[in-house]
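Chemist: Contents of query.cif (mmCIF, C-alpha atoms) are below:
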```
data_entry
loop_
_atom_site.label_atom_id
_atom_site.label_comp_id
_atom_site.auth_asym_id
_atom_site.auth_seq_id
_atom_site.Cartn_x
_atom_site.Cartn_y
_atom_site.Cartn_z
CA MET A 938 13.84 9.26 22.15
CA ALA A 939 14.85 6.29 20.02
CA HIS A 940 18.43 6.49 18.76
CA SER A 941 20.13 4.82 15.83
CA ASN A 942 22.16 1.77 16.70
CA PRO A 943 24.95 0.63 14.34
CA LYS A 944 24.05 -3.06 14.74
CA LEU A 945 20.35 -2.30 14.30
CA ALA A 946 21.14 -0.32 11.15
CA GLU A 947 22.73 -3.42 9.63
CA LEU A 948 19.64 -5.49 10.45
CA ASP A 949 16.98 -2.90 9.67
CA PRO A 950 18.34 -0.14 7.43
CA VAL A 951 14.83 1.13 6.59
CA TRP A 952 13.99 1.79 10.24
CA ASP A 953 17.40 3.31 10.93
CA ARG A 954 16.95 5.74 8.05
CA ILE A 955 13.44 6.61 9.25
CA LEU A 956 14.79 7.45 12.71
CA ARG A 957 17.54 9.67 11.29
CA GLU A 958 15.09 11.47 9.02
CA ALA A 959 12.62 11.88 11.90
CA GLU A 960 15.23 13.54 14.10
CA ALA A 961 16.14 15.88 11.26
CA ALA A 962 12.46 16.69 10.65
CA VAL A 963 11.97 17.71 14.29
CA ALA A 964 15.05 19.89 14.14
CA ASP A 965 13.81 21.58 10.97
CA GLU A 966 10.19 22.00 12.11
CA PRO A 967 9.76 21.85 15.92
CA LEU A 968 5.98 22.33 15.59
CA LEU A 969 5.80 18.79 14.20
CA GLY A 970 7.73 17.41 17.15
CA GLY A 971 4.67 15.92 18.83
CA LEU A 972 3.55 14.09 15.71
CA VAL A 973 7.01 12.81 14.83
CA HIS A 974 7.80 11.69 18.36
CA SER A 975 4.49 9.92 18.96
CA THR A 976 4.46 8.28 15.53
CA LEU A 977 8.13 7.40 15.05
CA LEU A 978 10.74 8.32 17.64
CA HIS A 979 8.76 7.00 20.60
CA HIS A 980 8.76 3.44 19.27
CA PRO A 981 11.46 0.75 19.62
CA SER A 982 10.89 -0.80 16.19
CA PHE A 983 9.39 -0.25 12.77
CA GLU A 984 6.71 -2.80 13.58
CA ARG A 985 5.49 -0.88 16.62
CA ALA A 986 5.53 2.42 14.75
CA LEU A 987 3.56 0.91 11.87
CA ALA A 988 0.92 -0.50 14.22
CA TYR A 989 0.60 2.87 15.95
CA ARG A 990 0.25 4.84 12.72
CA VAL A 991 -2.39 2.56 11.22
CA SER A 992 -4.39 2.44 14.43
CA MET A 993 -4.37 6.21 14.94
CA LYS A 994 -5.45 6.88 11.36
CA LEU A 995 -8.36 4.41 11.55
CA ALA A 996 -9.50 5.24 15.08
CA SER A 997 -13.04 6.48 15.59
CA ASP A 998 -15.66 6.83 18.30
CA GLU A 999 -16.82 3.34 17.36
CA MET A 1000 -13.37 1.79 17.76
CA PRO A 1001 -10.76 3.62 19.87
CA GLY A 1002 -7.15 3.83 18.82
CA GLN A 1003 -5.83 1.77 21.72
CA LEU A 1004 -7.99 -1.21 20.80
CA LEU A 1005 -7.04 -0.94 17.14
CA ARG A 1006 -3.40 -0.73 18.13
CA GLU A 1007 -3.67 -4.03 20.00
CA ILE A 1008 -5.18 -5.61 16.90
CA CYS A 1009 -2.45 -4.19 14.66
CA ASP A 1010 0.29 -5.31 17.07
CA GLU A 1011 -1.19 -8.80 17.09
CA ALA A 1012 -1.36 -8.98 13.29
CA ILE A 1013 2.14 -7.65 12.70
CA GLY A 1014 3.58 -9.83 15.46
CA SER A 1015 1.90 -12.93 14.06
CA ASP A 1016 2.83 -12.39 10.42
CA PRO A 1017 6.34 -10.99 9.75
CA GLU A 1018 5.44 -10.57 6.07
CA ILE A 1019 3.23 -7.60 6.95
CA ALA A 1020 6.13 -5.47 8.16
CA ALA A 1021 8.49 -6.83 5.49
CA SER A 1022 6.00 -5.82 2.80
CA ALA A 1023 5.49 -2.44 4.46
CA ARG A 1024 9.23 -1.80 4.29
CA ALA A 1025 9.26 -2.78 0.62
CA ASP A 1026 6.33 -0.43 -0.02
CA ILE A 1027 8.27 2.47 1.55
CA VAL A 1028 11.28 1.81 -0.67
CA ALA A 1029 9.01 1.45 -3.71
CA THR A 1030 7.32 4.77 -3.02
CA TYR A 1031 10.64 6.54 -2.45
CA GLU A 1032 12.09 5.17 -5.67
CA ARG A 1033 9.06 5.73 -7.94
CA ASP A 1034 7.24 8.81 -6.64
CA ALA A 1035 9.01 12.00 -7.67
CA ALA A 1036 7.30 13.80 -4.78
CA CYS A 1037 8.76 11.43 -2.17
CA HIS A 1038 12.17 12.59 -0.93
CA ARG A 1039 12.40 10.79 2.43
CA PHE A 1040 11.42 7.43 3.88
CA ILE A 1041 9.32 9.10 6.56
CA GLN A 1042 6.92 10.66 4.05
CA PRO A 1043 4.86 7.56 3.18
CA LEU A 1044 4.49 6.56 6.82
CA LEU A 1045 3.56 10.06 7.99
CA TYR A 1046 1.73 11.65 5.07
CA PHE A 1047 0.89 9.44 2.07
CA LYS A 1048 -2.59 7.95 2.20
CA GLY A 1049 -1.83 5.44 -0.55
CA TYR A 1050 0.87 3.86 1.58
CA GLN A 1051 -1.22 4.05 4.75
CA ALA A 1052 -4.22 2.49 3.00
CA VAL A 1053 -2.19 -0.46 1.74
CA GLN A 1054 -0.84 -1.13 5.23
CA SER A 1055 -4.38 -0.94 6.62
CA TYR A 1056 -5.39 -3.50 4.00
CA ARG A 1057 -2.54 -5.78 5.09
CA ILE A 1058 -3.93 -5.85 8.64
CA ALA A 1059 -7.44 -6.49 7.31
CA HIS A 1060 -6.16 -9.30 5.09
CA TRP A 1061 -4.55 -11.00 8.09
CA LEU A 1062 -7.81 -10.74 10.01
CA TRP A 1063 -9.68 -12.20 7.03
CA SER A 1064 -7.22 -15.08 6.82
CA GLU A 1065 -7.70 -15.73 10.54
CA GLY A 1066 -11.46 -16.03 10.06
CA ARG A 1067 -12.18 -12.71 11.80
CA ARG A 1068 -14.30 -11.49 8.93
CA ASP A 1069 -16.39 -8.80 10.64
CA LEU A 1070 -13.32 -7.10 12.06
CA ALA A 1071 -11.70 -7.28 8.63
CA TYR A 1072 -14.77 -5.60 7.15
CA PHE A 1073 -14.49 -2.89 9.80
CA PHE A 1074 -10.91 -2.16 8.72
CA GLN A 1075 -12.05 -2.06 5.08
CA MET A 1076 -14.84 0.36 5.94
CA ARG A 1077 -12.58 2.70 7.89
CA CYS A 1078 -9.91 2.58 5.19
CA SER A 1079 -12.52 3.62 2.64
CA GLU A 1080 -13.87 6.37 4.89
CA VAL A 1081 -10.48 7.79 5.88
CA PHE A 1082 -8.40 7.34 2.72
CA GLY A 1083 -10.96 6.96 -0.08
CA VAL A 1084 -9.38 3.58 -0.88
CA ASP A 1085 -11.62 0.49 -0.92
CA ILE A 1086 -9.65 -2.77 -0.91
CA HIS A 1087 -11.52 -5.94 -0.05
CA PRO A 1088 -9.66 -7.78 2.73
CA ALA A 1089 -9.80 -11.06 0.78
CA ALA A 1090 -7.82 -9.59 -2.13
CA VAL A 1091 -4.21 -10.76 -2.44
CA ILE A 1092 -1.62 -8.01 -2.85
CA GLY A 1093 2.14 -8.47 -3.09
CA LYS A 1094 4.97 -6.29 -1.85
CA GLY A 1095 6.73 -3.28 -3.33
CA ILE A 1096 3.36 -1.62 -4.04
CA MET A 1097 3.11 2.08 -4.85
CA ILE A 1098 -0.28 3.79 -5.19
CA ASP A 1099 0.26 7.42 -6.15
CA HIS A 1100 -2.30 9.95 -4.87
CA ALA A 1101 -4.60 6.99 -4.12
CA HIS A 1102 -7.95 8.70 -4.50
CA SER A 1103 -10.88 6.41 -5.42
CA ILE A 1104 -8.95 3.16 -5.64
CA VAL A 1105 -11.15 0.03 -5.72
CA VAL A 1106 -9.80 -3.53 -5.49
CA GLY A 1107 -12.33 -6.37 -5.54
CA GLU A 1108 -12.61 -9.48 -3.41
CA THR A 1109 -10.96 -12.01 -5.74
CA ALA A 1110 -8.38 -9.64 -7.23
CA VAL A 1111 -4.71 -10.59 -7.12
CA VAL A 1112 -1.94 -8.00 -7.44
CA GLY A 1113 1.66 -9.16 -7.87
CA ASP A 1114 4.90 -7.67 -6.57
CA ASN A 1115 6.34 -4.30 -7.61
CA VAL A 1116 3.10 -2.94 -9.05
CA SER A 1117 2.45 0.79 -9.43
CA MET A 1118 -0.96 2.34 -9.90
CA LEU A 1119 -2.31 5.86 -9.87
CA HIS A 1120 -5.54 7.37 -8.60
CA SER A 1121 -9.02 6.22 -9.62
CA VAL A 1122 -7.93 2.74 -10.64
CA THR A 1123 -10.56 -0.01 -10.40
CA LEU A 1124 -9.83 -3.73 -10.32
CA GLY A 1125 -13.45 -4.78 -10.50
CA GLY A 1126 -15.90 -7.46 -11.52
CA THR A 1127 -18.41 -7.45 -14.33
CA GLY A 1128 -21.47 -9.13 -12.84
CA LYS A 1129 -23.08 -10.65 -9.79
CA GLU A 1130 -21.16 -13.93 -9.81
CA GLU A 1131 -19.78 -14.95 -6.44
CA GLU A 1132 -16.89 -16.98 -7.86
CA ASP A 1133 -13.49 -15.77 -9.06
CA ARG A 1134 -14.50 -12.56 -10.83
CA HIS A 1135 -11.74 -9.97 -10.47
CA PRO A 1136 -8.47 -9.24 -12.32
CA LYS A 1137 -5.11 -10.90 -11.78
CA ILE A 1138 -2.35 -8.31 -12.10
CA GLY A 1139 1.16 -9.62 -12.76
CA ASN A 1140 4.46 -8.44 -11.34
CA GLY A 1141 5.92 -5.11 -12.40
CA VAL A 1142 2.71 -3.76 -13.95
CA LEU A 1143 2.00 -0.03 -14.28
CA ILE A 1144 -1.69 0.99 -14.22
CA GLY A 1145 -2.38 4.59 -15.19
CA ALA A 1146 -4.82 7.03 -13.59
CA GLY A 1147 -8.49 6.24 -14.06
CA ALA A 1148 -7.91 2.85 -15.67
CA LYS A 1149 -10.55 0.16 -15.12
CA VAL A 1150 -9.61 -3.51 -15.32
CA LEU A 1151 -12.78 -5.59 -15.18
CA GLY A 1152 -13.45 -9.28 -14.84
CA ASN A 1153 -11.41 -12.39 -14.17
CA ILE A 1154 -8.68 -11.55 -16.67
CA LYS A 1155 -4.90 -11.59 -16.49
CA VAL A 1156 -2.67 -8.58 -16.97
CA GLY A 1157 0.73 -10.02 -17.79
CA ASN A 1158 3.99 -9.25 -16.04
CA CYS A 1159 5.69 -5.94 -16.81
CA SER A 1160 2.85 -4.54 -18.91
CA ARG A 1161 1.36 -1.04 -19.01
CA VAL A 1162 -2.27 0.01 -18.84
CA ALA A 1163 -2.67 3.56 -20.13
CA ALA A 1164 -4.60 6.18 -18.17
CA GLY A 1165 -8.35 6.11 -18.70
CA SER A 1166 -8.37 2.69 -20.35
CA VAL A 1167 -11.08 0.07 -19.83
CA VAL A 1168 -9.50 -3.37 -19.95
CA LEU A 1169 -11.92 -6.23 -20.65
CA HIS A 1170 -9.58 -8.87 -22.12
CA GLU A 1171 -6.28 -10.49 -21.16
CA VAL A 1172 -3.16 -8.37 -21.55
CA PRO A 1173 -0.01 -10.22 -22.70
CA PRO A 1174 3.22 -9.65 -20.76
CA CYS A 1175 5.45 -6.73 -21.69
CA THR A 1176 2.83 -4.89 -23.74
CA THR A 1177 1.03 -1.56 -23.53
CA VAL A 1178 -2.76 -1.37 -23.83
CA ALA A 1179 -4.84 1.78 -24.23
CA GLY A 1180 -8.34 2.88 -25.10
CA VAL A 1181 -12.00 2.07 -24.45
CA PRO A 1182 -12.08 -0.84 -24.75
CA ALA A 1183 -8.34 -1.27 -24.35
CA LYS A 1184 -6.30 -2.65 -27.22
CA ILE A 1185 -2.62 -3.48 -27.58
CA VAL A 1186 -0.80 -0.42 -28.90
CA GLY A 1187 2.79 -1.61 -28.58
CA GLU A 1188 5.43 -3.03 -26.31
CA ALA A 1189 5.78 -1.97 -22.68
CA GLY A 1190 8.68 0.33 -23.52
CA CYS A 1191 11.03 -0.98 -20.83
CA ASP A 1192 11.75 -4.04 -18.72
CA GLN A 1193 10.04 -2.73 -15.60
CA PRO A 1194 7.24 -0.22 -16.36
CA ALA A 1195 6.15 -0.03 -12.72
CA LEU A 1196 9.62 1.12 -11.72
CA ARG A 1197 10.11 3.57 -14.58
CA MET A 1198 6.65 5.17 -14.18
CA ASP A 1199 6.81 6.26 -17.83
CA GLN A 1200 3.21 6.69 -19.01
CA LEU A 1201 3.85 8.20 -22.44
CA LEU A 1202 2.69 6.04 -25.33
CA GLY A 1203 5.05 5.35 -28.18
CA LYS A 1204 7.97 4.63 -25.87
#
```
Would you mind writing the structure in this file as structure tokens?
Modeler:
Amino acid sequence: MAHSNPKLAELDPVWDRILREAEAAVADEPLLGGLVHSTLLHHPSFERALAYRVSMKLASDEMPGQLLREICDEAIGSDPEIAASARADIVATYERDAACHRFIQPLLYFKGYQAVQSYRIAHWLWSEGRRDLAYFFQMRCSEVFGVDIHPAAVIGKGIMIDHAHSIVVGETAVVGDNVSMLHSVTLGGTGKEEEDRHPKIGNGVLIGAGAKVLGNIKVGNCSRVAAGSVVLHEVPPCTTVAGVPAKIVGEAGCDQPALRMDQLLGK
């Protein structure tokens, strides 16, 4: 069993907290001991646990878990930003999702978090020119989680996707840091062009459930897109848009809408 180390806790407080929560979870529910040990307590680092979790979730008869784990280990070992972003995503989910009470929940149970980490591996493969393998990760992520993120898309850190059903992010989409979105969000194109054709989402943006942002348009920093909206034109920073098609209905209501998760209009 992996044990907390005071020096390690100073260097990696996220992993140390995960280990402590994992030990408590096993004590509370021994029937989950196998899952918690194999996924978390068995591993010497957050990086190894992340690679194991992603690989086991995406494994299939076509691509066994051990082979996927080697790929994930290679990606995470080659690009430290993958694990750093994954840590930030855990903290983001804990801070913004009222249903998340422990750091272990996103890693063990939340498909939005797991899908984003799967994308991060696929994006590394895409950047390395391993396009077919990147497409395989995209396919399995869509099949397993119902989240379809093109591996060429660029997504920042501190991302929280709540519920994460039917999320679509197109090839040339860019998503900034500290963005929150809910289920059934689409960042899509509007035609058959092969050039830059997908949205550019700024930092700190909140995108409500069912919202569709279409075309090569910018959604400014710290703005809000109301649930069910269809956004076809640029959104200025620090504003709220709503409707079909979406129109500006007021200010964002706070400095960081993605952190507040306040989706009520008129605030």
Chemist: CA of Arg1077 (chain A) and CA of Val1168 (chain A), how far apart in Å?
Modeler: 28.7 Å
Chemist: Can you list, as a ChimeraX atom specification, the residues that the PyMOL selection byres ((chain A and resi 1112-1122) around 6) selects here?
Modeler: /A:1092-1104,1111,1123,1138-1149,1195
Chemist: Give me, as a short mmCIF file (atom, residue, chain, number, x, y, z; two decimals) with C-alpha atoms, in the coordinates of the input, all polymer residues having an atom no more than 9 Å from region 1045-1054 of chain A, counting all atoms listed in the file and skipping those fewer than 3 positions away in the same chain.
Modeler:
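What ended up in selection-v5.cif:
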```
data_model
loop_
_atom_site.label_atom_id
_atom_site.label_comp_id
_atom_site.auth_asym_id
_atom_site.auth_seq_id
_atom_site.Cartn_x
_atom_site.Cartn_y
_atom_site.Cartn_z
CA LEU A 972 3.55 14.09 15.71
CA VAL A 973 7.01 12.81 14.83
CA THR A 976 4.46 8.28 15.53
CA LEU A 977 8.13 7.40 15.05
CA LEU A 987 3.56 0.91 11.87
CA ARG A 990 0.25 4.84 12.72
CA VAL A 991 -2.39 2.56 11.22
CA LYS A 994 -5.45 6.88 11.36
CA ILE A 1019 3.23 -7.60 6.95
CA ALA A 1020 6.13 -5.47 8.16
CA SER A 1022 6.00 -5.82 2.80
CA ALA A 1023 5.49 -2.44 4.46
CA ASP A 1026 6.33 -0.43 -0.02
CA ILE A 1027 8.27 2.47 1.55
CA THR A 1030 7.32 4.77 -3.02
CA ILE A 1041 9.32 9.10 6.56
CA GLN A 1042 6.92 10.66 4.05
CA ARG A 1057 -2.54 -5.78 5.09
CA ILE A 1058 -3.93 -5.85 8.64
CA ALA A 1059 -7.44 -6.49 7.31
CA CYS A 1078 -9.91 2.58 5.19
CA SER A 1079 -12.52 3.62 2.64
CA VAL A 1081 -10.48 7.79 5.88
CA PHE A 1082 -8.40 7.34 2.72
CA GLY A 1083 -10.96 6.96 -0.08
CA VAL A 1084 -9.38 3.58 -0.88
CA ASP A 1085 -11.62 0.49 -0.92
CA ILE A 1086 -9.65 -2.77 -0.91
CA ILE A 1092 -1.62 -8.01 -2.85
CA ILE A 1096 3.36 -1.62 -4.04
CA MET A 1097 3.11 2.08 -4.85
CA ILE A 1098 -0.28 3.79 -5.19
CA ASP A 1099 0.26 7.42 -6.15
CA HIS A 1100 -2.30 9.95 -4.87
CA ALA A 1101 -4.60 6.99 -4.12
CA HIS A 1102 -7.95 8.70 -4.50
#
```
Chemist: Could you check the closest approach to Arg1039 (chain A) for each of A:Asp1010, A:Glu1132, A:Glu958, A:Glu999 and tell me which residue wins, using only C-alpha atoms?
Modeler: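 Using only C-alpha atoms, Arg1039 (chain A) sits closest to A:Glu958.
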Chemist: Residues near Ala988 (chain A), anyone? I mean within 9 Å using only C-alpha atoms, not counting same-chain ones fewer than 6 positions away, as a PDB file with C-alpha atoms, keeping the file's coordinate frame.
Modeler:
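Done, and the output landed in part-v4.pdb:
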```
ATOM      1  CA  LEU A1005      -7.040  -0.940  17.140  1.00  0.00           C
ATOM      2  CA  ARG A1006      -3.400  -0.730  18.130  1.00  0.00           C
ATOM      3  CA  GLU A1007      -3.670  -4.030  20.000  1.00  0.00           C
ATOM      4  CA  ILE A1008      -5.180  -5.610  16.900  1.00  0.00           C
ATOM      5  CA  CYS A1009      -2.450  -4.190  14.660  1.00  0.00           C
ATOM      6  CA  ASP A1010       0.290  -5.310  17.070  1.00  0.00           C
ATOM      7  CA  ALA A1012      -1.360  -8.980  13.290  1.00  0.00           C
ATOM      8  CA  ILE A1013       2.140  -7.650  12.700  1.00  0.00           C
TER       9      ILE A1013
END
```
Chemist: Where does the PyMOL selection byres ((chain A and resi 1157) around 9) land in this file, that is, which residues does it pick, as an mmCIF file with C-alpha atoms, in the coordinates of the input?
Modeler:
```cif
data_model
loop_
_atom_site.group_PDB
_atom_site.id
_atom_site.type_symbol
_atom_site.label_atom_id
_atom_site.label_comp_id
_atom_site.auth_asym_id
_atom_site.auth_seq_id
_atom_site.Cartn_x
_atom_site.Cartn_y
_atom_site.Cartn_z
ATOM 1 C CA LYS A 1137 -5.110 -10.900 -11.780
ATOM 2 C CA ILE A 1138 -2.350 -8.310 -12.100
ATOM 3 C CA GLY A 1139 1.160 -9.620 -12.760
ATOM 4 C CA ASN A 1140 4.460 -8.440 -11.340
ATOM 5 C CA GLY A 1141 5.920 -5.110 -12.400
ATOM 6 C CA VAL A 1142 2.710 -3.760 -13.950
ATOM 7 C CA LYS A 1155 -4.900 -11.590 -16.490
ATOM 8 C CA VAL A 1156 -2.670 -8.580 -16.970
ATOM 9 C CA ASN A 1158 3.990 -9.250 -16.040
ATOM 10 C CA CYS A 1159 5.690 -5.940 -16.810
ATOM 11 C CA SER A 1160 2.850 -4.540 -18.910
ATOM 12 C CA GLU A 1171 -6.280 -10.490 -21.160
ATOM 13 C CA VAL A 1172 -3.160 -8.370 -21.550
ATOM 14 C CA PRO A 1173 -0.010 -10.220 -22.700
ATOM 15 C CA PRO A 1174 3.220 -9.650 -20.760
ATOM 16 C CA CYS A 1175 5.450 -6.730 -21.690
ATOM 17 C CA THR A 1176 2.830 -4.890 -23.740
#
```
Chemist: Starting from the displayed file, determine the output of the PyMOL selection byres ((chain A and resi 1166) around 6) and express the residue list as a list in words.
Modeler: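 Those residues are Ala1148, Ala1163, Ala1164, Gly1165, Val1167, Ala1179, Gly1180, Val1181 and Ala1183 of chain A.
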Chemist: Show me, as a PyMOL selection string, the residues that have an atom within 8 Å of Pro1088 (chain A) when counting all atoms listed in the file, minus same-chain residues fewer than 3 positions from it.
Modeler: chain A and resi 1056-1057+1059-1060+1063+1071-1072+1075+1108
Chemist: Let me make sure I understand: among A:Arg1134, A:Arg1161, A:Arg1197, A:Arg1024, which one has the smallest atom-to-atom distance to Arg954 (chain A) if we use only C-alpha atoms?
Modeler: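 Among the listed residues, the smallest separation from Arg954 (chain A) belongs to A:Arg1024.
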Chemist: For each of A:His1135, A:His974, A:Lys1129, A:His979, take the minimum atom-to-atom distance to Val1106 (chain A), counting all atoms listed in the file, then give the residue where this is smallest.
Modeler: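 That would be A:His1135, the residue with the smallest distance to Val1106 (chain A).
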Chemist: Could the centre and edge lengths of an axis-aligned box, enclosing all atoms of region 1106-1111 of chain A in the file with 4 Å extra on each side, be given in Å to one decimal as AutoDock Vina command-line options?
Modeler:
```
--center_x -8.7 --center_y -7.8 --center_z -5.3 --size_x 15.9 --size_y 16.5 --size_z 11.8
```
Chemist: At what distance in Å, to one decimal, does CA of Gly1128 (chain A) lie from CA of Thr1177 (chain A)?
Modeler: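 Going from CA of Thr1177 (chain A) over to CA of Gly1128 (chain A), I get 26.0 Å.
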Chemist: Taking into account only C-alpha atoms, which residue in the set A:Val951, A:Ala961, A:Leu956, A:Met993 is nearest to Leu978 (chain A)?
Modeler: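 Closest to Leu978 (chain A), using only C-alpha atoms: A:Leu956.
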Chemist: Interatomic distance between CA of Ala1029 (chain A) and CA of Met1198 (chain A)?
Modeler: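 That distance, rounded to one decimal, is 11.4 Å.
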Chemist: Would you please work out which residue, of A:Leu1169, A:Asp953, A:Asp965, A:Ala1090, is nearest to Thr1127 (chain A) when using only C-alpha atoms?
Modeler: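 Using only C-alpha atoms, Thr1127 (chain A) sits closest to A:Leu1169.
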Chemist: Considering only C-alpha atoms, state which residue in the set A:Leu995, A:Ile955, A:Ala1110, A:Pro1017 is at the smallest distance from Met1076 (chain A).
Modeler: A:Leu995
